[in-house]
Amino acid sequence: MKIAIIYTSKTGNTEELIYLMKKIFQLKKVELFLYRIDQFPLLDLIKFDGIVVGTYTWGMGEIPPEMMDLYHAFEALDVKRVITGIVGTGDTGYPNFCGAVDRFKNMLFVQTELAVTLKVELTPQTNDVQRCERFVNIFLELLNYQNNKTENAI
Ligand SMILES: Cc1cc2nc3c(=O)[nH]c(=O)nc-3n(C[C@H](O)[C@H](O)[C@H](O)COP(=O)(O)O)c2cc1C
C-alpha cells in the first residue's frame, strides 16, 4: 500500500508536524512518499492508496494559495477510493482556528474516503505526539479495512 504525505509550510510549524507524522508512519513499515506541494505531480494523486495533506492556515481561515491546485485536483480526479487524512497547524488567536483544515476536510469528505483530521496549535508539543499516533492508527485501520474489502471479493 502506497501512502503520500503532501504538505506546505511557510515558517516551519507544519513541516515539524509532518516530520513527526512521517516518523510514526515509518514505524508501521508502510511504503511512504513525502512531498512538499511544489514537488508533487498532481496527476499522481490517483497512484496512491492513502494520502495525508498537511497545511497551515492563512488570511481569515483560508487555504494557502499554493495548495489550491491540489484542492481542485481532488475535485477533478477519480479519487473516491483513496483514504485521506488532513492535518494542519494554526493559531487559536485567529477567529477561524485551522480554517484550511476544515475547508479541506469538507471537500475530502465528499471526494474521497476521509479517515481522520488533526489540528495542532503552532508547533507540536509533547501531548501532540500521542494525537499523531492516534491519527496514524485510525488512518491505517481504514486503509487496511479498505484493502481487505477488495481482496475479499468472492
Ligand atoms: C497573515 C496570517 C494569517 C493567519 N490566519 C490564520 C487563521 O485564520 N487561522 C489560524 O488558525 N491560523 C492563522 N495563521 C497562523 C498560521 O496558520 C500558523 O502560524 C501556522 O502554524 C503556520 O504554519 P507554518 O509554520 O507551517 O507556515 C495566520 C498567520 C498569518 C501570518
# chains A, B, ... in the order shown; residues from 1 in each chain; ligands from 1
>>> residues_around(residues="Asn106 in chain A", least_positions_apart="4", cutoff="12 Å", atoms="only C-alpha atoms", output="list in words")
Tyr71, Phe74, Glu75, Thr84, Gly85, Ile86, Gly99, Ala100, Val101, Asp102, Val110, Gln111, Thr112, Glu113, Leu114, Val116 and Thr117 of chain A
>>> write_last_selection(atoms="N, CA and C atoms", output="PDB file, in the first residue's frame")
ATOM      1  N   TYR A  71      -6.176  21.070  -4.089  1.00  0.00           N
ATOM      2  CA  TYR A  71      -7.595  21.044  -3.707  1.00  0.00           C
ATOM      3  C   TYR A  71      -8.470  20.745  -4.946  1.00  0.00           C
ATOM      4  N   PHE A  74      -8.174  17.121  -6.356  1.00  0.00           N
ATOM      5  CA  PHE A  74      -9.020  16.150  -5.639  1.00  0.00           C
ATOM      6  C   PHE A  74     -10.454  16.198  -6.179  1.00  0.00           C
ATOM      7  N   GLU A  75     -10.889  17.394  -6.561  1.00  0.00           N
ATOM      8  CA  GLU A  75     -12.254  17.536  -7.075  1.00  0.00           C
ATOM      9  C   GLU A  75     -12.386  16.967  -8.488  1.00  0.00           C
ATOM     10  N   THR A  84      -7.983   9.289   2.898  1.00  0.00           N
ATOM     11  CA  THR A  84      -7.296  10.557   3.128  1.00  0.00           C
ATOM     12  C   THR A  84      -7.346  10.979   4.594  1.00  0.00           C
ATOM     13  N   GLY A  85      -6.387  11.829   4.922  1.00  0.00           N
ATOM     14  CA  GLY A  85      -6.367  12.468   6.233  1.00  0.00           C
ATOM     15  C   GLY A  85      -5.875  13.888   6.030  1.00  0.00           C
ATOM     16  N   ILE A  86      -6.326  14.789   6.888  1.00  0.00           N
ATOM     17  CA  ILE A  86      -5.880  16.177   6.768  1.00  0.00           C
ATOM     18  C   ILE A  86      -5.357  16.653   8.133  1.00  0.00           C
ATOM     19  N   GLY A  99      -8.687  26.984   9.836  1.00  0.00           N
ATOM     20  CA  GLY A  99      -9.768  27.017   8.841  1.00  0.00           C
ATOM     21  C   GLY A  99      -9.447  26.215   7.583  1.00  0.00           C
ATOM     22  N   ALA A 100      -8.165  26.172   7.205  1.00  0.00           N
ATOM     23  CA  ALA A 100      -7.785  25.428   5.990  1.00  0.00           C
ATOM     24  C   ALA A 100      -8.025  23.929   6.182  1.00  0.00           C
ATOM     25  N   VAL A 101      -7.842  23.450   7.406  1.00  0.00           N
ATOM     26  CA  VAL A 101      -8.116  22.029   7.696  1.00  0.00           C
ATOM     27  C   VAL A 101      -9.604  21.757   7.509  1.00  0.00           C
ATOM     28  N   ASP A 102     -10.434  22.654   8.009  1.00  0.00           N
ATOM     29  CA  ASP A 102     -11.891  22.478   7.863  1.00  0.00           C
ATOM     30  C   ASP A 102     -12.305  22.494   6.391  1.00  0.00           C
ATOM     31  N   VAL A 110     -16.314  14.580   0.795  1.00  0.00           N
ATOM     32  CA  VAL A 110     -17.176  14.351  -0.377  1.00  0.00           C
ATOM     33  C   VAL A 110     -16.449  13.554  -1.457  1.00  0.00           C
ATOM     34  N   GLN A 111     -15.189  13.894  -1.709  1.00  0.00           N
ATOM     35  CA  GLN A 111     -14.477  13.355  -2.881  1.00  0.00           C
ATOM     36  C   GLN A 111     -13.735  12.050  -2.611  1.00  0.00           C
ATOM     37  N   THR A 112     -13.403  11.756  -1.339  1.00  0.00           N
ATOM     38  CA  THR A 112     -12.526  10.615  -1.018  1.00  0.00           C
ATOM     39  C   THR A 112     -13.092   9.865   0.185  1.00  0.00           C
ATOM     40  N   GLU A 113     -12.327   8.865   0.655  1.00  0.00           N
ATOM     41  CA  GLU A 113     -12.679   8.190   1.912  1.00  0.00           C
ATOM     42  C   GLU A 113     -11.906   8.891   3.034  1.00  0.00           C
ATOM     43  N   LEU A 114     -12.466   9.974   3.540  1.00  0.00           N
ATOM     44  CA  LEU A 114     -11.775  10.714   4.601  1.00  0.00           C
ATOM     45  C   LEU A 114     -11.759   9.900   5.889  1.00  0.00           C
ATOM     46  N   VAL A 116      -9.576  10.779   8.868  1.00  0.00           N
ATOM     47  CA  VAL A 116      -9.251  11.427  10.134  1.00  0.00           C
ATOM     48  C   VAL A 116      -8.667  12.822   9.900  1.00  0.00           C
ATOM     49  N   THR A 117      -8.868  13.697  10.886  1.00  0.00           N
ATOM     50  CA  THR A 117      -8.321  15.058  10.790  1.00  0.00           C
ATOM     51  C   THR A 117      -7.586  15.402  12.095  1.00  0.00           C
TER      52      THR A 117
END
>>> residues_near_ligand(ligand="ligand 1", cutoff="8 Å", atoms="only C-alpha atoms and all ligand atoms", output="PDB file with all heavy atoms, in the first residue's frame")
ATOM      1  N   THR A   8       2.480  21.775   2.844  1.00  0.00           N
ATOM      2  CA  THR A   8       3.081  23.094   2.679  1.00  0.00           C
ATOM      3  C   THR A   8       3.390  23.666   4.053  1.00  0.00           C
ATOM      4  O   THR A   8       2.745  23.299   5.046  1.00  0.00           O
ATOM      5  CB  THR A   8       2.137  24.059   1.922  1.00  0.00           C
ATOM      6  OG1 THR A   8       2.832  25.284   1.689  1.00  0.00           O
ATOM      7  CG2 THR A   8       0.870  24.358   2.703  1.00  0.00           C
ATOM      8  N   SER A   9       4.386  24.544   4.107  1.00  0.00           N
ATOM      9  CA  SER A   9       4.749  25.171   5.374  1.00  0.00           C
ATOM     10  C   SER A   9       5.521  26.441   5.076  1.00  0.00           C
ATOM     11  O   SER A   9       6.452  26.411   4.276  1.00  0.00           O
ATOM     12  CB  SER A   9       5.601  24.200   6.196  1.00  0.00           C
ATOM     13  OG  SER A   9       5.928  24.766   7.441  1.00  0.00           O
ATOM     14  N   LYS A  10       5.124  27.549   5.689  1.00  0.00           N
ATOM     15  CA  LYS A  10       5.813  28.827   5.456  1.00  0.00           C
ATOM     16  C   LYS A  10       6.936  29.020   6.481  1.00  0.00           C
ATOM     17  O   LYS A  10       8.065  29.296   6.116  1.00  0.00           O
ATOM     18  CB  LYS A  10       4.821  29.959   5.660  1.00  0.00           C
ATOM     19  CG  LYS A  10       4.351  30.837   4.616  1.00  0.00           C
ATOM     20  CD  LYS A  10       5.138  31.488   3.589  1.00  0.00           C
ATOM     21  CE  LYS A  10       4.342  32.234   2.563  1.00  0.00           C
ATOM     22  NZ  LYS A  10       4.394  31.565   1.267  1.00  0.00           N
ATOM     23  N   THR A  11       6.583  28.867   7.764  1.00  0.00           N
ATOM     24  CA  THR A  11       7.554  29.183   8.817  1.00  0.00           C
ATOM     25  C   THR A  11       8.042  27.937   9.558  1.00  0.00           C
ATOM     26  O   THR A  11       8.739  28.055  10.565  1.00  0.00           O
ATOM     27  CB  THR A  11       6.957  30.190   9.827  1.00  0.00           C
ATOM     28  OG1 THR A  11       5.793  29.615  10.437  1.00  0.00           O
ATOM     29  CG2 THR A  11       6.565  31.493   9.167  1.00  0.00           C
ATOM     30  N   GLY A  12       7.660  26.745   9.102  1.00  0.00           N
ATOM     31  CA  GLY A  12       8.235  25.515   9.653  1.00  0.00           C
ATOM     32  C   GLY A  12       7.359  24.727  10.616  1.00  0.00           C
ATOM     33  O   GLY A  12       7.659  23.579  10.929  1.00  0.00           O
ATOM     34  N   ASN A  13       6.256  25.329  11.116  1.00  0.00           N
ATOM     35  CA  ASN A  13       5.424  24.605  12.093  1.00  0.00           C
ATOM     36  C   ASN A  13       4.802  23.347  11.485  1.00  0.00           C
ATOM     37  O   ASN A  13       4.875  22.259  12.067  1.00  0.00           O
ATOM     38  CB  ASN A  13       4.284  25.500  12.599  1.00  0.00           C
ATOM     39  CG  ASN A  13       4.796  26.679  13.399  1.00  0.00           C
ATOM     40  OD1 ASN A  13       5.930  26.674  13.856  1.00  0.00           O
ATOM     41  ND2 ASN A  13       3.973  27.698  13.554  1.00  0.00           N
ATOM     42  N   THR A  14       4.207  23.497  10.328  1.00  0.00           N
ATOM     43  CA  THR A  14       3.538  22.350   9.702  1.00  0.00           C
ATOM     44  C   THR A  14       4.576  21.319   9.269  1.00  0.00           C
ATOM     45  O   THR A  14       4.332  20.110   9.371  1.00  0.00           O
ATOM     46  CB  THR A  14       2.692  22.809   8.493  1.00  0.00           C
ATOM     47  OG1 THR A  14       1.920  23.943   8.879  1.00  0.00           O
ATOM     48  CG2 THR A  14       1.764  21.711   8.018  1.00  0.00           C
ATOM     49  N   GLU A  15       5.733  21.805   8.843  1.00  0.00           N
ATOM     50  CA  GLU A  15       6.793  20.860   8.452  1.00  0.00           C
ATOM     51  C   GLU A  15       7.217  20.005   9.655  1.00  0.00           C
ATOM     52  O   GLU A  15       7.399  18.797   9.540  1.00  0.00           O
ATOM     53  CB  GLU A  15       7.989  21.630   7.900  1.00  0.00           C
ATOM     54  CG  GLU A  15       9.064  20.718   7.337  1.00  0.00           C
ATOM     55  CD  GLU A  15       9.960  21.452   6.357  1.00  0.00           C
ATOM     56  OE1 GLU A  15      10.661  22.382   6.794  1.00  0.00           O
ATOM     57  OE2 GLU A  15       9.955  21.092   5.167  1.00  0.00           O
ATOM     58  N   GLU A  16       7.312  20.637  10.815  1.00  0.00           N
ATOM     59  CA  GLU A  16       7.671  19.900  12.029  1.00  0.00           C
ATOM     60  C   GLU A  16       6.628  18.821  12.338  1.00  0.00           C
ATOM     61  O   GLU A  16       6.949  17.685  12.676  1.00  0.00           O
ATOM     62  CB  GLU A  16       7.766  20.893  13.194  1.00  0.00           C
ATOM     63  CG  GLU A  16       8.653  20.423  14.323  1.00  0.00           C
ATOM     64  CD  GLU A  16       8.798  21.482  15.406  1.00  0.00           C
ATOM     65  OE1 GLU A  16       9.138  22.638  15.064  1.00  0.00           O
ATOM     66  OE2 GLU A  16       8.561  21.147  16.574  1.00  0.00           O
ATOM     67  N   THR A  55      -1.287  21.278   6.026  1.00  0.00           N
ATOM     68  CA  THR A  55      -1.339  22.697   5.639  1.00  0.00           C
ATOM     69  C   THR A  55      -1.439  23.627   6.840  1.00  0.00           C
ATOM     70  O   THR A  55      -2.029  23.271   7.865  1.00  0.00           O
ATOM     71  CB  THR A  55      -2.541  22.962   4.695  1.00  0.00           C
ATOM     72  OG1 THR A  55      -2.494  24.320   4.259  1.00  0.00           O
ATOM     73  CG2 THR A  55      -3.873  22.680   5.350  1.00  0.00           C
ATOM     74  N   TYR A  56      -0.882  24.816   6.693  1.00  0.00           N
ATOM     75  CA  TYR A  56      -1.161  25.887   7.655  1.00  0.00           C
ATOM     76  C   TYR A  56      -2.399  26.634   7.149  1.00  0.00           C
ATOM     77  O   TYR A  56      -2.949  26.284   6.093  1.00  0.00           O
ATOM     78  CB  TYR A  56       0.050  26.828   7.785  1.00  0.00           C
ATOM     79  CG  TYR A  56       0.430  27.556   6.522  1.00  0.00           C
ATOM     80  CD1 TYR A  56      -0.053  28.839   6.244  1.00  0.00           C
ATOM     81  CD2 TYR A  56       1.261  26.966   5.575  1.00  0.00           C
ATOM     82  CE1 TYR A  56       0.285  29.510   5.070  1.00  0.00           C
ATOM     83  CE2 TYR A  56       1.604  27.626   4.394  1.00  0.00           C
ATOM     84  CZ  TYR A  56       1.110  28.894   4.150  1.00  0.00           C
ATOM     85  OH  TYR A  56       1.429  29.557   2.991  1.00  0.00           O
ATOM     86  N   THR A  57      -2.846  27.618   7.914  1.00  0.00           N
ATOM     87  CA  THR A  57      -3.990  28.455   7.511  1.00  0.00           C
ATOM     88  C   THR A  57      -3.511  29.894   7.383  1.00  0.00           C
ATOM     89  O   THR A  57      -2.676  30.336   8.160  1.00  0.00           O
ATOM     90  CB  THR A  57      -5.105  28.376   8.573  1.00  0.00           C
ATOM     91  OG1 THR A  57      -5.613  27.039   8.597  1.00  0.00           O
ATOM     92  CG2 THR A  57      -6.245  29.336   8.272  1.00  0.00           C
ATOM     93  N   TRP A  58      -4.021  30.585   6.396  1.00  0.00           N
ATOM     94  CA  TRP A  58      -3.650  31.993   6.267  1.00  0.00           C
ATOM     95  C   TRP A  58      -4.891  32.837   6.051  1.00  0.00           C
ATOM     96  O   TRP A  58      -6.022  32.305   6.006  1.00  0.00           O
ATOM     97  CB  TRP A  58      -2.611  32.178   5.135  1.00  0.00           C
ATOM     98  CG  TRP A  58      -3.222  32.310   3.778  1.00  0.00           C
ATOM     99  CD1 TRP A  58      -4.119  31.451   3.207  1.00  0.00           C
ATOM    100  CD2 TRP A  58      -3.036  33.378   2.861  1.00  0.00           C
ATOM    101  NE1 TRP A  58      -4.469  31.903   1.977  1.00  0.00           N
ATOM    102  CE2 TRP A  58      -3.820  33.098   1.729  1.00  0.00           C
ATOM    103  CE3 TRP A  58      -2.246  34.549   2.868  1.00  0.00           C
ATOM    104  CZ2 TRP A  58      -3.872  33.941   0.623  1.00  0.00           C
ATOM    105  CZ3 TRP A  58      -2.305  35.379   1.761  1.00  0.00           C
ATOM    106  CH2 TRP A  58      -3.104  35.067   0.665  1.00  0.00           C
ATOM    107  N   GLY A  59      -4.673  34.168   5.885  1.00  0.00           N
ATOM    108  CA  GLY A  59      -5.809  35.077   5.662  1.00  0.00           C
ATOM    109  C   GLY A  59      -6.792  34.978   6.817  1.00  0.00           C
ATOM    110  O   GLY A  59      -6.399  34.913   7.973  1.00  0.00           O
ATOM    111  N   MET A  60      -8.081  34.919   6.476  1.00  0.00           N
ATOM    112  CA  MET A  60      -9.117  34.727   7.504  1.00  0.00           C
ATOM    113  C   MET A  60      -9.623  33.293   7.419  1.00  0.00           C
ATOM    114  O   MET A  60     -10.722  33.039   6.928  1.00  0.00           O
ATOM    115  CB  MET A  60     -10.269  35.719   7.281  1.00  0.00           C
ATOM    116  CG  MET A  60      -9.852  37.173   7.474  1.00  0.00           C
ATOM    117  SD  MET A  60      -9.295  37.505   9.159  1.00  0.00           S
ATOM    118  CE  MET A  60     -10.857  37.507  10.009  1.00  0.00           C
ATOM    119  N   GLY A  61      -8.800  32.348   7.838  1.00  0.00           N
ATOM    120  CA  GLY A  61      -9.202  30.935   7.803  1.00  0.00           C
ATOM    121  C   GLY A  61      -9.124  30.311   6.432  1.00  0.00           C
ATOM    122  O   GLY A  61      -9.877  29.383   6.124  1.00  0.00           O
ATOM    123  N   GLU A  62      -8.200  30.816   5.601  1.00  0.00           N
ATOM    124  CA  GLU A  62      -8.126  30.359   4.213  1.00  0.00           C
ATOM    125  C   GLU A  62      -7.070  29.260   3.995  1.00  0.00           C
ATOM    126  O   GLU A  62      -6.093  29.163   4.733  1.00  0.00           O
ATOM    127  CB  GLU A  62      -7.760  31.534   3.287  1.00  0.00           C
ATOM    128  CG  GLU A  62      -8.687  32.728   3.361  1.00  0.00           C
ATOM    129  CD  GLU A  62     -10.100  32.398   2.910  1.00  0.00           C
ATOM    130  OE1 GLU A  62     -10.257  31.560   2.004  1.00  0.00           O
ATOM    131  OE2 GLU A  62     -11.039  32.985   3.466  1.00  0.00           O
ATOM    132  N   GLY A  88      -3.113  19.968  10.155  1.00  0.00           N
ATOM    133  CA  GLY A  88      -2.669  21.346   9.975  1.00  0.00           C
ATOM    134  C   GLY A  88      -2.283  21.984  11.282  1.00  0.00           C
ATOM    135  O   GLY A  88      -2.653  21.536  12.368  1.00  0.00           O
ATOM    136  N   THR A  89      -1.492  23.062  11.140  1.00  0.00           N
ATOM    137  CA  THR A  89      -1.209  23.899  12.297  1.00  0.00           C
ATOM    138  C   THR A  89      -1.901  25.234  12.079  1.00  0.00           C
ATOM    139  O   THR A  89      -2.126  25.659  10.949  1.00  0.00           O
ATOM    140  CB  THR A  89       0.303  24.138  12.480  1.00  0.00           C
ATOM    141  OG1 THR A  89       0.805  24.893  11.377  1.00  0.00           O
ATOM    142  CG2 THR A  89       1.053  22.822  12.597  1.00  0.00           C
ATOM    143  N   GLY A  90      -2.231  25.870  13.186  1.00  0.00           N
ATOM    144  CA  GLY A  90      -2.874  27.174  13.136  1.00  0.00           C
ATOM    145  C   GLY A  90      -2.621  27.888  14.441  1.00  0.00           C
ATOM    146  O   GLY A  90      -1.822  27.429  15.278  1.00  0.00           O
ATOM    147  N   ASP A  91      -3.324  28.982  14.610  1.00  0.00           N
ATOM    148  CA  ASP A  91      -3.112  29.825  15.782  1.00  0.00           C
ATOM    149  C   ASP A  91      -4.489  30.175  16.337  1.00  0.00           C
ATOM    150  O   ASP A  91      -5.305  30.789  15.635  1.00  0.00           O
ATOM    151  CB  ASP A  91      -2.361  31.085  15.306  1.00  0.00           C
ATOM    152  CG  ASP A  91      -2.015  32.018  16.440  1.00  0.00           C
ATOM    153  OD1 ASP A  91      -2.665  31.922  17.506  1.00  0.00           O
ATOM    154  OD2 ASP A  91      -1.116  32.861  16.249  1.00  0.00           O
ATOM    155  N   THR A  92      -4.739  29.769  17.580  1.00  0.00           N
ATOM    156  CA  THR A  92      -6.073  29.991  18.171  1.00  0.00           C
ATOM    157  C   THR A  92      -6.344  31.486  18.403  1.00  0.00           C
ATOM    158  O   THR A  92      -7.460  31.862  18.735  1.00  0.00           O
ATOM    159  CB  THR A  92      -6.239  29.218  19.500  1.00  0.00           C
ATOM    160  OG1 THR A  92      -5.060  29.415  20.277  1.00  0.00           O
ATOM    161  CG2 THR A  92      -6.474  27.746  19.282  1.00  0.00           C
ATOM    162  N   GLY A  93      -5.323  32.321  18.216  1.00  0.00           N
ATOM    163  CA  GLY A  93      -5.523  33.768  18.294  1.00  0.00           C
ATOM    164  C   GLY A  93      -6.369  34.289  17.134  1.00  0.00           C
ATOM    165  O   GLY A  93      -6.894  35.392  17.207  1.00  0.00           O
ATOM    166  N   TYR A  94      -6.494  33.517  16.089  1.00  0.00           N
ATOM    167  CA  TYR A  94      -7.325  33.914  14.937  1.00  0.00           C
ATOM    168  C   TYR A  94      -8.725  33.350  15.115  1.00  0.00           C
ATOM    169  O   TYR A  94      -8.889  32.262  15.694  1.00  0.00           O
ATOM    170  CB  TYR A  94      -6.733  33.381  13.632  1.00  0.00           C
ATOM    171  CG  TYR A  94      -5.474  34.096  13.194  1.00  0.00           C
ATOM    172  CD1 TYR A  94      -4.219  33.690  13.651  1.00  0.00           C
ATOM    173  CD2 TYR A  94      -5.543  35.179  12.321  1.00  0.00           C
ATOM    174  CE1 TYR A  94      -3.054  34.346  13.259  1.00  0.00           C
ATOM    175  CE2 TYR A  94      -4.398  35.839  11.922  1.00  0.00           C
ATOM    176  CZ  TYR A  94      -3.152  35.423  12.390  1.00  0.00           C
ATOM    177  OH  TYR A  94      -2.026  36.080  11.994  1.00  0.00           O
ATOM    178  N   PRO A  95      -9.745  34.071  14.602  1.00  0.00           N
ATOM    179  CA  PRO A  95     -11.125  33.612  14.798  1.00  0.00           C
ATOM    180  C   PRO A  95     -11.422  32.230  14.214  1.00  0.00           C
ATOM    181  O   PRO A  95     -12.179  31.466  14.777  1.00  0.00           O
ATOM    182  CB  PRO A  95     -11.973  34.674  14.085  1.00  0.00           C
ATOM    183  CG  PRO A  95     -11.054  35.737  13.608  1.00  0.00           C
ATOM    184  CD  PRO A  95      -9.644  35.338  13.882  1.00  0.00           C
ATOM    185  N   ASN A  96     -10.774  31.887  13.097  1.00  0.00           N
ATOM    186  CA  ASN A  96     -11.092  30.621  12.437  1.00  0.00           C
ATOM    187  C   ASN A  96      -9.888  29.677  12.551  1.00  0.00           C
ATOM    188  O   ASN A  96      -9.101  29.535  11.624  1.00  0.00           O
ATOM    189  CB  ASN A  96     -11.441  30.915  10.977  1.00  0.00           C
ATOM    190  CG  ASN A  96     -12.159  29.760  10.324  1.00  0.00           C
ATOM    191  OD1 ASN A  96     -12.201  28.666  10.884  1.00  0.00           O
ATOM    192  ND2 ASN A  96     -12.697  29.993   9.149  1.00  0.00           N
ATOM    193  N   PHE A  97      -9.770  29.028  13.724  1.00  0.00           N
ATOM    194  CA  PHE A  97      -8.589  28.190  14.005  1.00  0.00           C
ATOM    195  C   PHE A  97      -8.482  27.043  12.985  1.00  0.00           C
ATOM    196  O   PHE A  97      -9.413  26.257  12.814  1.00  0.00           O
ATOM    197  CB  PHE A  97      -8.689  27.638  15.431  1.00  0.00           C
ATOM    198  CG  PHE A  97      -7.577  26.689  15.789  1.00  0.00           C
ATOM    199  CD1 PHE A  97      -6.245  27.079  15.682  1.00  0.00           C
ATOM    200  CD2 PHE A  97      -7.850  25.402  16.238  1.00  0.00           C
ATOM    201  CE1 PHE A  97      -5.206  26.208  16.007  1.00  0.00           C
ATOM    202  CE2 PHE A  97      -6.828  24.523  16.568  1.00  0.00           C
ATOM    203  CZ  PHE A  97      -5.505  24.927  16.448  1.00  0.00           C
ATOM    204  N   CYS A  98      -7.351  26.973  12.317  1.00  0.00           N
ATOM    205  CA  CYS A  98      -7.099  25.922  11.311  1.00  0.00           C
ATOM    206  C   CYS A  98      -8.238  25.831  10.289  1.00  0.00           C
ATOM    207  O   CYS A  98      -8.685  24.739   9.930  1.00  0.00           O
ATOM    208  CB  CYS A  98      -6.884  24.567  11.995  1.00  0.00           C
ATOM    209  SG  CYS A  98      -5.296  24.404  12.808  1.00  0.00           S
ATOM    210  N   GLY A  99      -8.687  26.984   9.836  1.00  0.00           N
ATOM    211  CA  GLY A  99      -9.768  27.017   8.841  1.00  0.00           C
ATOM    212  C   GLY A  99      -9.447  26.215   7.583  1.00  0.00           C
ATOM    213  O   GLY A  99     -10.338  25.633   6.973  1.00  0.00           O
ATOM    214  N   ALA A 100      -8.165  26.172   7.205  1.00  0.00           N
ATOM    215  CA  ALA A 100      -7.785  25.428   5.990  1.00  0.00           C
ATOM    216  C   ALA A 100      -8.025  23.929   6.182  1.00  0.00           C
ATOM    217  O   ALA A 100      -8.385  23.224   5.229  1.00  0.00           O
ATOM    218  CB  ALA A 100      -6.316  25.695   5.649  1.00  0.00           C
ATOM    219  N   VAL A 120      -3.337  21.261  15.096  1.00  0.00           N
ATOM    220  CA  VAL A 120      -2.310  21.480  16.121  1.00  0.00           C
ATOM    221  C   VAL A 120      -2.051  22.977  16.268  1.00  0.00           C
ATOM    222  O   VAL A 120      -1.961  23.709  15.283  1.00  0.00           O
ATOM    223  CB  VAL A 120      -1.006  20.726  15.735  1.00  0.00           C
ATOM    224  CG1 VAL A 120       0.162  21.174  16.596  1.00  0.00           C
ATOM    225  CG2 VAL A 120      -1.206  19.221  15.861  1.00  0.00           C
ATOM    226  N   GLU A 121      -1.940  23.402  17.520  1.00  0.00           N
ATOM    227  CA  GLU A 121      -1.643  24.815  17.817  1.00  0.00           C
ATOM    228  C   GLU A 121      -0.158  25.084  17.586  1.00  0.00           C
ATOM    229  O   GLU A 121       0.696  24.514  18.297  1.00  0.00           O
ATOM    230  CB  GLU A 121      -2.048  25.090  19.279  1.00  0.00           C
ATOM    231  CG  GLU A 121      -1.588  26.401  19.862  1.00  0.00           C
ATOM    232  CD  GLU A 121      -2.471  27.586  19.445  1.00  0.00           C
ATOM    233  OE1 GLU A 121      -3.432  27.389  18.688  1.00  0.00           O
ATOM    234  OE2 GLU A 121      -2.159  28.710  19.876  1.00  0.00           O
ATOM    235  N   LEU A 122       0.146  25.864  16.556  1.00  0.00           N
ATOM    236  CA  LEU A 122       1.514  26.257  16.197  1.00  0.00           C
ATOM    237  C   LEU A 122       2.447  25.058  16.041  1.00  0.00           C
ATOM    238  O   LEU A 122       2.289  24.287  15.114  1.00  0.00           O
ATOM    239  CB  LEU A 122       2.033  27.308  17.178  1.00  0.00           C
ATOM    240  CG  LEU A 122       1.216  28.613  17.159  1.00  0.00           C
ATOM    241  CD1 LEU A 122       1.644  29.564  18.271  1.00  0.00           C
ATOM    242  CD2 LEU A 122       1.288  29.307  15.809  1.00  0.00           C
ATOM    243  N   THR A 123       3.403  24.865  16.972  1.00  0.00           N
ATOM    244  CA  THR A 123       4.314  23.712  16.797  1.00  0.00           C
ATOM    245  C   THR A 123       3.860  22.543  17.665  1.00  0.00           C
ATOM    246  O   THR A 123       3.334  22.761  18.757  1.00  0.00           O
ATOM    247  CB  THR A 123       5.755  24.076  17.211  1.00  0.00           C
ATOM    248  OG1 THR A 123       5.708  24.692  18.492  1.00  0.00           O
ATOM    249  CG2 THR A 123       6.390  25.002  16.228  1.00  0.00           C
TER     250      THR A 123
END
>>> select_by_dssp(residues="chain A", states="helix (DSSP H, G or I)", output="ChimeraX atom specification")
/A:13-27,37-39,42-47,65-76,99-111,126-151
>>> atom_distance(atom1="CA of Tyr19 in chain A", atom2="CA of Lys80 in chain A")
26.7 Å
>>> select_by_dssp(residues="range 2-149 of chain A", states="strand (DSSP E or B)", output="ChimeraX atom specification")
/A:2-7,31-36,50-56,58,62,83-90,113-121
>>> closest_residue(among="A:Ile18, A:Val52, A:Val79, A:Met67", to="Asp38 in chain A", atoms="only C-alpha atoms")
A:Met67
>>> atom_distance(atom1="CA of Phe33 in chain A", atom2="CA of Ile5 in chain A")
6.3 Å
>>> closest_residue(among="A:Asp49, A:Leu140, A:Tyr7, A:Phe135", to="Leu34 in chain A", atoms="only C-alpha atoms")
A:Tyr7
>>> closest_residue(among="A:Ile51, A:Leu43, A:Met68, A:Val30", to="Ile83 in chain A", atoms="only C-alpha atoms")
A:Ile51
>>> closest_residue(among="A:Ala73, A:Tyr35, A:Met21, A:Lys2", to="Lys47 in chain A", atoms="only C-alpha atoms")
A:Lys2
>>> atom_distance(atom1="CA of Leu32 in chain A", atom2="CA of Gly54 in chain A")
14.6 Å
>>> closest_residue(among="A:Ala4, A:Val53, A:Asp44, A:Ile37", to="Lys119 in chain A", atoms="only C-alpha atoms")
A:Val53
>>> closest_residue(among="A:Gln125, A:Gln130, A:Asn147, A:Gln26", to="Gly50 in chain A", atoms="only C-alpha atoms")
A:Asn147
